[in-house]
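> My file is entry_39.txt. It has compact mmCIF, C-alpha atoms:
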```
# COMPACT_ATOMS: atom_id res chain seq x y z
CA MET A 267 169.93 125.57 101.78
CA LEU A 268 168.83 127.90 98.96
CA LYS A 269 171.44 126.39 96.61
CA ILE A 270 170.22 122.87 97.45
CA LYS A 271 166.61 123.87 96.73
CA ARG A 272 167.61 125.37 93.39
CA LEU A 273 169.56 122.22 92.49
CA MET A 274 166.62 120.01 93.42
CA SER A 275 164.28 122.22 91.39
CA TRP A 276 166.60 122.00 88.36
CA LEU A 277 166.88 118.21 88.65
CA THR A 278 163.10 117.86 88.93
CA ALA A 279 162.59 120.00 85.83
CA ALA A 280 165.23 118.06 83.88
CA ALA A 281 163.64 114.78 84.87
CA ALA A 282 160.23 116.04 83.79
CA ILE A 283 161.61 117.05 80.40
CA GLY A 284 163.26 113.66 80.01
CA ILE A 285 160.07 111.82 80.93
CA ALA A 286 158.07 114.00 78.57
CA GLY A 287 160.51 113.22 75.73
CA VAL A 288 160.29 109.47 76.36
CA THR A 289 156.48 109.65 76.59
CA PHE A 290 156.31 111.60 73.32
CA ALA A 291 158.42 109.01 71.55
CA GLN A 292 156.31 106.18 72.98
CA GLU A 293 153.08 107.84 71.84
CA TYR A 294 154.41 108.75 68.41
CA PRO A 295 152.62 108.71 66.07
CA ASN A 296 149.17 109.49 67.45
CA LYS A 297 147.90 111.28 64.34
CA SER A 298 148.44 111.23 60.58
CA VAL A 299 151.95 111.70 59.17
CA LYS A 300 152.89 113.55 55.97
CA LEU A 301 155.39 111.87 53.68
CA VAL A 302 156.56 114.74 51.48
CA LEU A 303 157.95 113.94 48.04
CA PRO A 304 159.67 116.64 45.90
CA PHE A 305 158.60 114.91 42.67
CA PRO A 306 155.34 114.65 40.70
CA PRO A 307 153.08 111.58 40.85
CA GLY A 308 154.29 108.59 38.84
CA GLY A 309 157.84 107.39 38.42
CA VAL A 310 160.25 105.51 40.66
CA ALA A 311 160.27 107.94 43.61
CA ASP A 312 156.48 108.18 43.76
CA ASN A 313 156.10 104.39 43.59
CA MET A 314 158.60 104.06 46.41
CA ALA A 315 156.77 106.64 48.52
CA ARG A 316 153.50 104.73 48.08
CA ILE A 317 155.13 101.46 49.14
CA TYR A 318 156.58 102.90 52.33
CA SER A 319 153.50 104.99 53.20
CA GLN A 320 151.29 101.90 53.03
CA GLU A 321 153.65 99.84 55.18
CA LEU A 322 154.14 102.62 57.75
CA SER A 323 150.37 103.15 57.95
CA LYS A 324 149.88 99.47 58.75
CA ALA A 325 152.67 99.42 61.31
CA TRP A 326 151.66 102.61 63.12
CA GLN A 327 147.89 102.29 62.73
CA GLN A 328 147.89 105.91 61.58
CA PRO A 329 147.53 107.33 58.06
CA VAL A 330 150.84 108.15 56.35
CA VAL A 331 149.83 110.41 53.47
CA VAL A 332 152.07 111.06 50.44
CA GLU A 333 152.16 114.76 49.55
CA ASN A 334 153.79 115.58 46.20
CA ARG A 335 155.53 118.99 46.14
CA PRO A 336 157.57 118.93 42.91
CA GLY A 337 159.66 121.58 41.21
CA ALA A 338 162.92 123.54 41.16
CA GLY A 339 165.21 120.54 41.48
CA THR A 340 163.64 119.27 44.76
CA THR A 341 163.97 122.69 46.45
CA ILE A 342 160.22 123.39 46.72
CA GLY A 343 159.60 120.20 48.68
CA ALA A 344 162.75 120.70 50.72
CA GLU A 345 161.76 124.23 51.75
CA PHE A 346 158.35 123.00 52.91
CA VAL A 347 159.92 120.28 55.06
CA ALA A 348 162.65 122.55 56.46
CA LYS A 349 159.97 124.98 57.69
CA SER A 350 157.67 122.28 59.10
CA PRO A 351 157.43 121.50 62.84
CA ALA A 352 160.22 119.21 64.03
CA ASP A 353 157.85 116.71 65.62
CA GLY A 354 158.10 113.66 63.36
CA TYR A 355 154.78 114.30 61.62
CA THR A 356 156.48 115.58 58.46
CA ILE A 357 158.99 113.21 56.91
CA TYR A 358 160.78 113.72 53.61
CA LEU A 359 161.60 111.15 50.95
CA THR A 360 164.16 112.72 48.63
CA ASN A 361 167.08 111.71 46.47
CA VAL A 362 170.58 112.82 45.46
CA GLY A 363 169.01 116.05 44.18
CA HIS A 364 168.97 117.21 47.80
CA SER A 365 172.77 117.35 47.78
CA SER A 366 173.25 118.51 44.20
CA SER A 367 170.68 121.33 44.46
CA ALA A 368 172.53 122.75 47.44
CA ALA A 369 175.66 122.87 45.29
CA VAL A 370 173.97 124.30 42.19
CA TYR A 371 171.58 126.96 43.48
CA ARG A 372 173.25 130.17 44.65
CA LYS A 373 170.47 131.03 47.08
CA LEU A 374 168.17 128.60 48.85
CA PRO A 375 165.52 129.41 51.47
CA TYR A 376 166.96 126.68 53.69
CA ASN A 377 170.27 125.08 54.60
CA ALA A 378 170.46 121.59 53.12
CA GLU A 379 172.75 120.39 55.91
CA LYS A 380 171.64 122.28 59.01
CA ASP A 381 167.86 122.28 58.50
CA PHE A 382 167.48 118.50 58.17
CA SER A 383 168.28 115.40 60.17
CA PRO A 384 169.02 112.13 58.32
CA VAL A 385 166.93 109.10 59.20
CA SER A 386 167.83 106.34 56.75
CA LEU A 387 169.00 105.65 53.23
CA LEU A 388 166.36 103.42 51.63
CA ALA A 389 167.73 102.45 48.25
CA ASP A 390 170.42 103.11 45.72
CA VAL A 391 169.92 103.05 41.97
CA PRO A 392 172.52 103.32 39.22
CA SER A 393 171.79 105.18 36.02
CA ILE A 394 172.46 104.09 32.47
CA LEU A 395 174.11 106.26 29.85
CA ALA A 396 171.93 105.54 26.83
CA ALA A 397 172.36 106.64 23.23
CA THR A 398 170.11 106.96 20.24
CA PRO A 399 170.74 104.04 17.82
CA SER A 400 172.02 106.43 15.14
CA LEU A 401 175.02 107.52 17.22
CA PRO A 402 178.14 105.81 15.76
CA ALA A 403 179.38 104.58 19.15
CA ASN A 404 178.38 101.34 20.84
CA ASN A 405 180.41 101.49 24.06
CA MET A 406 182.26 103.97 26.24
CA LYS A 407 185.61 103.63 24.48
CA GLU A 408 184.00 104.36 21.12
CA LEU A 409 182.07 107.30 22.58
CA ILE A 410 185.21 108.85 24.08
CA ALA A 411 187.13 108.36 20.83
CA LEU A 412 184.32 109.94 18.82
CA ALA A 413 183.98 112.88 21.23
CA LYS A 414 187.71 113.56 21.04
CA LEU A 415 187.70 113.28 17.26
CA LYS A 416 184.72 115.66 16.92
CA PRO A 417 184.62 117.86 20.06
CA GLY A 418 181.38 119.78 20.65
CA THR A 419 179.35 117.76 18.14
CA ILE A 420 177.82 115.18 20.50
CA ASN A 421 175.12 116.34 22.90
CA TYR A 422 173.34 114.95 25.91
CA ALA A 423 169.87 115.70 27.23
CA SER A 424 168.91 116.33 30.84
CA ALA A 425 165.73 117.03 32.80
CA GLY A 426 167.06 120.52 33.51
CA VAL A 427 170.06 122.49 34.76
CA GLY A 428 171.35 121.11 38.05
CA THR A 429 169.43 117.82 37.86
CA GLY A 430 171.13 114.48 38.35
CA SER A 431 171.18 113.76 34.62
CA HIS A 432 172.92 117.10 34.01
CA LEU A 433 175.55 116.59 36.70
CA MET A 434 176.30 113.06 35.56
CA GLY A 435 176.99 114.44 32.09
CA GLU A 436 179.37 117.03 33.51
CA TYR A 437 181.00 114.35 35.66
CA LEU A 438 181.62 112.33 32.49
CA LYS A 439 183.10 115.36 30.71
CA VAL A 440 185.52 116.08 33.56
CA LEU A 441 186.72 112.50 34.13
CA ALA A 442 186.92 111.52 30.45
CA GLY A 443 188.33 114.85 29.30
CA ILE A 444 185.79 115.24 26.51
CA ASP A 445 183.65 118.07 25.16
CA ILE A 446 179.97 117.13 24.81
CA VAL A 447 177.15 119.67 24.80
CA HIS A 448 174.45 119.88 27.46
CA VAL A 449 170.84 120.29 26.23
CA PRO A 450 168.51 121.01 29.19
CA TYR A 451 164.78 120.23 29.06
CA LYS A 452 161.89 120.98 31.38
CA GLY A 453 161.60 117.44 32.65
CA THR A 454 162.45 113.92 31.56
CA ALA A 455 159.49 113.36 29.19
CA PRO A 456 160.46 115.97 26.56
CA ALA A 457 164.12 114.91 26.84
CA PHE A 458 163.13 111.32 26.08
CA ALA A 459 160.96 112.42 23.18
CA ASP A 460 163.88 114.17 21.50
CA LEU A 461 166.27 111.31 22.28
CA ASN A 462 163.90 108.78 20.67
CA SER A 463 163.53 111.01 17.62
CA GLY A 464 167.31 111.41 17.29
CA ARG A 465 167.38 115.15 17.99
CA VAL A 466 169.80 114.54 20.88
CA ASP A 467 172.40 111.81 21.26
CA LEU A 468 172.70 110.78 24.91
CA ILE A 469 170.94 110.76 28.27
CA PHE A 470 171.62 109.53 31.82
CA GLU A 471 168.56 108.03 33.51
CA PRO A 472 167.90 105.44 36.29
CA ILE A 473 168.24 101.82 35.29
CA GLY A 474 164.58 100.98 35.94
CA THR A 475 163.46 103.71 33.56
CA MET A 476 165.97 102.87 30.84
CA LEU A 477 165.92 99.07 30.61
CA PRO A 478 162.57 98.74 28.78
CA HIS A 479 163.77 101.20 26.10
CA ILE A 480 167.09 99.39 25.76
CA ARG A 481 165.69 95.88 25.66
CA SER A 482 163.12 96.93 23.07
CA GLY A 483 165.95 98.23 20.87
CA LYS A 484 164.72 101.85 20.89
CA LEU A 485 167.93 102.96 22.65
CA LYS A 486 171.34 101.41 23.24
CA ALA A 487 173.21 101.26 26.55
CA LEU A 488 176.79 102.52 26.59
CA GLY A 489 177.45 102.02 30.29
CA ILE A 490 176.13 101.93 33.83
CA THR A 491 177.20 104.64 36.27
CA THR A 492 178.40 102.58 39.23
CA ALA A 493 181.90 101.16 39.66
CA LYS A 494 180.64 97.60 39.17
CA ARG A 495 178.03 96.09 36.91
CA SER A 496 174.48 95.83 38.19
CA PRO A 497 172.98 92.40 38.94
CA VAL A 498 169.79 93.73 37.35
CA ALA A 499 171.54 94.10 33.98
CA PRO A 500 174.98 92.42 34.16
CA GLU A 501 175.34 92.57 30.37
CA ILE A 502 175.82 96.37 30.52
CA PRO A 503 179.46 97.35 31.29
CA ALA A 504 180.20 99.75 34.13
CA ILE A 505 181.47 103.13 32.94
CA GLY A 506 184.22 102.72 35.54
CA GLU A 507 185.63 99.89 33.41
CA SER A 508 186.59 102.52 30.82
CA ILE A 509 186.91 105.68 32.94
CA ARG A 510 188.84 105.23 36.16
CA GLY A 511 187.05 106.63 39.21
CA PHE A 512 183.63 107.03 37.60
CA ASP A 513 181.17 105.87 40.24
CA THR A 514 177.88 107.60 40.96
CA SER A 515 174.28 106.66 41.51
CA THR A 516 170.97 108.08 42.65
CA TRP A 517 170.11 107.38 46.26
CA TYR A 518 166.69 107.68 47.88
CA GLY A 519 166.39 108.33 51.59
CA ILE A 520 164.36 109.81 54.43
CA LEU A 521 165.09 113.11 56.19
CA VAL A 522 163.15 115.02 58.84
CA PRO A 523 163.30 118.65 59.98
CA ALA A 524 166.30 119.41 62.19
CA GLY A 525 165.39 119.32 65.86
CA THR A 526 163.15 116.27 65.58
CA PRO A 527 163.53 114.34 68.89
CA PRO A 528 166.22 111.62 68.64
CA ASP A 529 163.85 108.98 70.03
CA VAL A 530 161.35 109.76 67.28
CA ILE A 531 164.09 109.55 64.62
CA LYS A 532 165.13 106.19 66.10
CA LYS A 533 161.55 104.95 65.96
CA ILE A 534 161.09 106.00 62.32
CA ASN A 535 164.47 104.51 61.40
CA SER A 536 163.77 101.13 63.00
CA GLU A 537 160.47 100.86 61.13
CA LEU A 538 162.04 101.82 57.79
CA VAL A 539 164.82 99.26 58.24
CA ARG A 540 162.28 96.57 59.13
CA ILE A 541 160.12 97.35 56.09
CA THR A 542 163.10 97.39 53.72
CA LYS A 543 164.11 93.90 54.85
CA VAL A 544 160.69 92.38 54.13
CA PRO A 545 161.27 89.97 51.18
CA GLU A 546 158.16 91.12 49.30
CA ILE A 547 159.18 94.79 49.63
CA LYS A 548 162.73 94.02 48.49
CA GLU A 549 161.36 92.27 45.41
CA ARG A 550 159.13 95.24 44.57
CA LEU A 551 162.05 97.64 44.88
CA LEU A 552 164.40 95.43 42.86
CA ALA A 553 161.77 95.19 40.11
CA GLN A 554 162.12 98.96 39.68
CA GLY A 555 165.92 98.76 39.49
CA LEU A 556 166.36 99.89 43.09
CA GLN A 557 168.92 98.27 45.37
CA PRO A 558 167.46 98.22 48.94
CA VAL A 559 169.94 99.57 51.50
CA ALA A 560 168.36 100.89 54.77
CA ASN A 561 171.03 102.06 57.24
CA THR A 562 171.53 104.15 60.39
CA PRO A 563 171.14 107.94 60.62
CA GLU A 564 174.91 108.20 61.15
CA GLN A 565 175.69 106.16 58.03
CA PHE A 566 173.26 108.21 55.97
CA ALA A 567 174.80 111.43 57.31
CA ALA A 568 178.21 110.28 56.04
CA ILE A 569 176.76 109.65 52.56
CA LEU A 570 175.18 113.11 52.52
CA LYS A 571 178.49 114.71 53.47
CA GLU A 572 180.42 112.81 50.78
CA ASP A 573 177.80 113.70 48.15
CA SER A 574 177.83 117.36 49.11
CA GLN A 575 181.61 117.52 48.71
CA ARG A 576 181.55 115.69 45.35
CA TRP A 577 178.84 117.85 43.75
CA THR A 578 180.15 121.11 45.19
CA LYS A 579 183.55 120.43 43.59
CA LEU A 580 181.99 119.39 40.28
CA VAL A 581 179.70 122.42 40.15
CA LYS A 582 182.68 124.68 40.79
CA ASP A 583 184.89 122.95 38.21
CA ALA A 584 182.12 123.00 35.57
CA ASN A 585 181.01 126.54 36.48
CA ILE A 586 177.33 125.54 36.89
CA THR A 587 175.05 128.10 38.53
CA VAL A 588 171.32 128.60 38.85
CA GLU A 589 169.89 131.82 40.26
```
As a first step, turn the structure in this file into C-alpha cells.

Amino acid sequence: MLKIKRLMSWLTAAAAIGIAGVTFAQEYPNKSVKLVLPFPPGGVADNMARIYSQELSKAWQQPVVVENRPGAGTTIGAEFVAKSPADGYTIYLTNVGHSSSAAVYRKLPYNAEKDFSPVSLLADVPSILAATPSLPANNMKELIALAKLKPGTINYASAGVGTGSHLMGEYLKVLAGIDIVHVPYKGTAPAFADLNSGRVDLIFEPIGTMLPHIRSGKLKALGITTAKRSPVAPEIPAIGESIRGFDTSTWYGILVPAGTPPDVIKKINSELVRITKVPEIKERLLAQGLQPVANTPEQFAAILKEDSQRWTKLVKDANITVE
C-alpha cells in the first residue's frame, strides 16, 4: 500500500510539473523580452534586430527591446546571455562570430555549445573580397598569381583578430596556398578608411556593406565567398570558381540560454519562421544583402556544429590565438 501511495504521489507531482510547463509556454510572453545583440547600433545586424523586435512586439503584444552589448568578438554579449535566466525573456541574435570566437579565444566565461540552445537561423549573407583599385589584380586568378609571385607583399584588413573578416583571410591563405599579410584594426570603420586610401590592399566584408563601394567604383570586387554566385550581384564570380572548396558566409540566428523550456523555444521558433516568410520582411532583408532562411532548432544546431569544426581546424592550422 505504501509503495502504491508513493507511486501515486510521484505521478501527481510529475503531472503538476507537466501542466505547469504547458501553462508557462501558453502564457509566454507575459512581460517584456530582451533581444540581446553583441554588436553596436547601426549596421546589418542592428537593422535586422530592429526588424524582428518590432514584428515580435506586434505578434506577442509585449515589448521586445533590443539591447546592444558589443565588444570582444561577440563574447561580451554572449556571456550576458549565457548567464541570464533560461525563461525565454532573454533571446540572442548573433552571427558566425559565436562559433569562431569559441575557436579563437583560449578562455571564455561560457561554453559556446553547452550554455546555449539554438532556436532558428534567420538569414545567411555572403561576403565579398574587395580590393583597392590600385592593386594590380582584377580577379581571383590574378590575385593568386600575384601573391605567389610576390609572397608577403599583399595585405588584407580585418575588424580585429578572430573576427569573420580575419578568418576568411586565413581561409583564403590555406586553400589557395598563398602568403598574404593580416592587418587587424579595431573595427570595420578604420579598416575601410585605410582600404579606401590605399594603405591596405584587401578586405572581406558582407555583400550589403560592400556593393555601394564597388558600384561607385571606389573598390573592386575580386570574388564572393559562397560556392555559387549571389542573385543580388550575379556579375561577381564566386571564389569557389577559382579555389576549389572555398565556401563560407556569415549567418545570423537566434539562440537562448540553455535550459529554456522546449515549448517556449518552439513558440519563439514558430514566430520567427512566420515573420521571415512575410514578403515585406523578405524584401527588407534582401535589400541588405541577406538571404532569408529560417529553419528548425535541429537544423540550426547542425550548422553550429559544422561551423565549430571548420573554424576550430582553421584556427589550429593558422595558429591563431587570443588571450
> Please measure the separation of atom CA of Ile357 of chain A and atom CA of Val539 of chain A, giving the value in Å to one decimal.
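Interatomic distance here is 15.2 Å.
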> Tell me which of A:Ile586, A:Val440, A:Val581, A:Ala403 sits closest to Leu488 of chain A, counting all atoms listed in the file.
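Comparing A:Ile586, A:Val440, A:Val581, A:Ala403 against Leu488 of chain A, the winner is A:Ala403.
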> Determine, counting all atoms listed in the file, which protein, DNA and RNA residues have an atom within 12 Å of an atom of Lys416 of chain A; residues of the same chain fewer than 5 positions away are not included. Present the result as a CSV table (one decimal) with C-alpha atoms, in the frame of the given file.

```csv
chain,number,residue,atom,x,y,z
A,402,PRO,CA,178.1,105.8,15.8
A,409,LEU,CA,182.1,107.3,22.6
A,410,ILE,CA,185.2,108.8,24.1
A,411,ALA,CA,187.1,108.4,20.8
A,421,ASN,CA,175.1,116.3,22.9
A,444,ILE,CA,185.8,115.2,26.5
A,445,ASP,CA,183.6,118.1,25.2
A,446,ILE,CA,180.0,117.1,24.8
A,447,VAL,CA,177.2,119.7,24.8
```
> Can you list, as a PDB file with C-alpha atoms, in the frame of the given file, every protein, DNA or RNA residue that comes within 12 Å of Lys439 of chain A when you count only C-alpha atoms, leaving out same-chain residues fewer than 2 positions away?

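So the final result, stored in selection.pdb, reads:
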```pdb
ATOM      1  CA  LEU A 409     182.070 107.300  22.580  1.00  0.00           C
ATOM      2  CA  ILE A 410     185.210 108.850  24.080  1.00  0.00           C
ATOM      3  CA  ALA A 413     183.980 112.880  21.230  1.00  0.00           C
ATOM      4  CA  LYS A 414     187.710 113.560  21.040  1.00  0.00           C
ATOM      5  CA  PRO A 417     184.620 117.860  20.060  1.00  0.00           C
ATOM      6  CA  GLY A 418     181.380 119.780  20.650  1.00  0.00           C
ATOM      7  CA  ILE A 420     177.820 115.180  20.500  1.00  0.00           C
ATOM      8  CA  ASN A 421     175.120 116.340  22.900  1.00  0.00           C
ATOM      9  CA  TYR A 422     173.340 114.950  25.910  1.00  0.00           C
ATOM     10  CA  HIS A 432     172.920 117.100  34.010  1.00  0.00           C
ATOM     11  CA  LEU A 433     175.550 116.590  36.700  1.00  0.00           C
ATOM     12  CA  MET A 434     176.300 113.060  35.560  1.00  0.00           C
ATOM     13  CA  GLY A 435     176.990 114.440  32.090  1.00  0.00           C
ATOM     14  CA  GLU A 436     179.370 117.030  33.510  1.00  0.00           C
ATOM     15  CA  TYR A 437     181.000 114.350  35.660  1.00  0.00           C
ATOM     16  CA  LEU A 441     186.720 112.500  34.130  1.00  0.00           C
ATOM     17  CA  ALA A 442     186.920 111.520  30.450  1.00  0.00           C
ATOM     18  CA  GLY A 443     188.330 114.850  29.300  1.00  0.00           C
ATOM     19  CA  ILE A 444     185.790 115.240  26.510  1.00  0.00           C
ATOM     20  CA  ASP A 445     183.650 118.070  25.160  1.00  0.00           C
ATOM     21  CA  ILE A 446     179.970 117.130  24.810  1.00  0.00           C
ATOM     22  CA  VAL A 447     177.150 119.670  24.800  1.00  0.00           C
ATOM     23  CA  HIS A 448     174.450 119.880  27.460  1.00  0.00           C
ATOM     24  CA  ILE A 509     186.910 105.680  32.940  1.00  0.00           C
ATOM     25  CA  PHE A 512     183.630 107.030  37.600  1.00  0.00           C
ATOM     26  CA  LEU A 580     181.990 119.390  40.280  1.00  0.00           C
ATOM     27  CA  ASP A 583     184.890 122.950  38.210  1.00  0.00           C
ATOM     28  CA  ALA A 584     182.120 123.000  35.570  1.00  0.00           C
TER      29      ALA A 584
END
```
> Taking only C-alpha atoms into account, name the residue in A:Lys300, A:Arg540, A:Arg316, A:His364 that is nearest to Ile569 of chain A.
A:His364
> Quick one, how far is atom CA of Gly506 of chain A from atom CA of Ala397 of chain A?
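Going from atom CA of Gly506 of chain A over to atom CA of Ala397 of chain A covers 17.5 Å.
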> Rank A:Ser431, A:Gln328, A:Ser298, A:Gln565 by their smallest atom-to-atom distance to Pro392 of chain A, using all atoms listed in the file, and report the top residue only.
A:Ser431
> Excluding same-chain residues fewer than 5 positions from Phe566 of chain A, what lies within 7 Å of it counting only C-alpha atoms, as number ranges by chain?
A: 384, 386-387, 561
> Can you list, as a PDB file with C-alpha atoms, keeping the file's coordinate frame, every protein, DNA or RNA residue that comes within 12 Å of Leu570 of chain A when you count all atoms listed in the file, leaving out same-chain residues fewer than 5 positions away?

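So the final result, stored in selection12.pdb, reads:
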```
ATOM      1  CA  THR A 360     164.160 112.720  48.630  1.00  0.00           C
ATOM      2  CA  ASN A 361     167.080 111.710  46.470  1.00  0.00           C
ATOM      3  CA  VAL A 362     170.580 112.820  45.460  1.00  0.00           C
ATOM      4  CA  GLY A 363     169.010 116.050  44.180  1.00  0.00           C
ATOM      5  CA  HIS A 364     168.970 117.210  47.800  1.00  0.00           C
ATOM      6  CA  SER A 365     172.770 117.350  47.780  1.00  0.00           C
ATOM      7  CA  SER A 366     173.250 118.510  44.200  1.00  0.00           C
ATOM      8  CA  ALA A 368     172.530 122.750  47.440  1.00  0.00           C
ATOM      9  CA  ALA A 378     170.460 121.590  53.120  1.00  0.00           C
ATOM     10  CA  GLU A 379     172.750 120.390  55.910  1.00  0.00           C
ATOM     11  CA  LYS A 380     171.640 122.280  59.010  1.00  0.00           C
ATOM     12  CA  PHE A 382     167.480 118.500  58.170  1.00  0.00           C
ATOM     13  CA  SER A 383     168.280 115.400  60.170  1.00  0.00           C
ATOM     14  CA  PRO A 384     169.020 112.130  58.320  1.00  0.00           C
ATOM     15  CA  VAL A 385     166.930 109.100  59.200  1.00  0.00           C
ATOM     16  CA  SER A 386     167.830 106.340  56.750  1.00  0.00           C
ATOM     17  CA  LEU A 387     169.000 105.650  53.230  1.00  0.00           C
ATOM     18  CA  THR A 516     170.970 108.080  42.650  1.00  0.00           C
ATOM     19  CA  TRP A 517     170.110 107.380  46.260  1.00  0.00           C
ATOM     20  CA  TYR A 518     166.690 107.680  47.880  1.00  0.00           C
ATOM     21  CA  GLY A 519     166.390 108.330  51.590  1.00  0.00           C
ATOM     22  CA  ILE A 520     164.360 109.810  54.430  1.00  0.00           C
ATOM     23  CA  LEU A 521     165.090 113.110  56.190  1.00  0.00           C
ATOM     24  CA  PRO A 563     171.140 107.940  60.620  1.00  0.00           C
ATOM     25  CA  GLU A 564     174.910 108.200  61.150  1.00  0.00           C
ATOM     26  CA  GLN A 565     175.690 106.160  58.030  1.00  0.00           C
ATOM     27  CA  GLN A 575     181.610 117.520  48.710  1.00  0.00           C
ATOM     28  CA  ARG A 576     181.550 115.690  45.350  1.00  0.00           C
ATOM     29  CA  TRP A 577     178.840 117.850  43.750  1.00  0.00           C
ATOM     30  CA  THR A 578     180.150 121.110  45.190  1.00  0.00           C
TER      31      THR A 578
END
```
> I want to know what sits within 9 Å of segment 473-478 of chain A, based on all atoms listed in the file, with residues of the same chain fewer than 5 positions away left out; could you give that as a PDB file with C-alpha atoms, in the coordinates of the input?

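Written out: part.pdb:
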```
ATOM      1  CA  GLY A 309     157.840 107.390  38.420  1.00  0.00           C
ATOM      2  CA  VAL A 310     160.250 105.510  40.660  1.00  0.00           C
ATOM      3  CA  VAL A 391     169.920 103.050  41.970  1.00  0.00           C
ATOM      4  CA  PRO A 392     172.520 103.320  39.220  1.00  0.00           C
ATOM      5  CA  SER A 393     171.790 105.180  36.020  1.00  0.00           C
ATOM      6  CA  ILE A 394     172.460 104.090  32.470  1.00  0.00           C
ATOM      7  CA  LEU A 395     174.110 106.260  29.850  1.00  0.00           C
ATOM      8  CA  ALA A 396     171.930 105.540  26.830  1.00  0.00           C
ATOM      9  CA  GLY A 483     165.950  98.230  20.870  1.00  0.00           C
ATOM     10  CA  LYS A 484     164.720 101.850  20.890  1.00  0.00           C
ATOM     11  CA  LEU A 485     167.930 102.960  22.650  1.00  0.00           C
ATOM     12  CA  ALA A 487     173.210 101.260  26.550  1.00  0.00           C
ATOM     13  CA  ILE A 490     176.130 101.930  33.830  1.00  0.00           C
ATOM     14  CA  VAL A 498     169.790  93.730  37.350  1.00  0.00           C
ATOM     15  CA  ALA A 499     171.540  94.100  33.980  1.00  0.00           C
ATOM     16  CA  LEU A 552     164.400  95.430  42.860  1.00  0.00           C
ATOM     17  CA  ALA A 553     161.770  95.190  40.110  1.00  0.00           C
ATOM     18  CA  GLN A 554     162.120  98.960  39.680  1.00  0.00           C
ATOM     19  CA  GLY A 555     165.920  98.760  39.490  1.00  0.00           C
ATOM     20  CA  LEU A 556     166.360  99.890  43.090  1.00  0.00           C
TER      21      LEU A 556
END
```
> Give the answer as one residue: which of A:Val299, A:Ala325, A:Met406, A:Ala567 has the shortest atom-to-atom distance to Thr491 of chain A, using all atoms listed in the file?
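With all atoms listed in the file as the atom set, the closest residue is A:Met406.
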> Which value, in Å to one decimal, gives the distance between atom CA of Pro306 of chain A and atom CA of Arg372 of chain A?
24.0 Å
> Nearest to Arg550 of chain A among A:Leu412, A:Leu401, A:Val466, A:Ala389, with distances taken over all atoms listed in the file: which residue is it?
A:Ala389
> Rank A:Lys407, A:Lys452, A:Lys324, A:Arg335 by their smallest atom-to-atom distance to Ser508 of chain A, using all atoms listed in the file, and report the top residue only.
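Among A:Lys407, A:Lys452, A:Lys324, A:Arg335, it is A:Lys407 that comes nearest to Ser508 of chain A.
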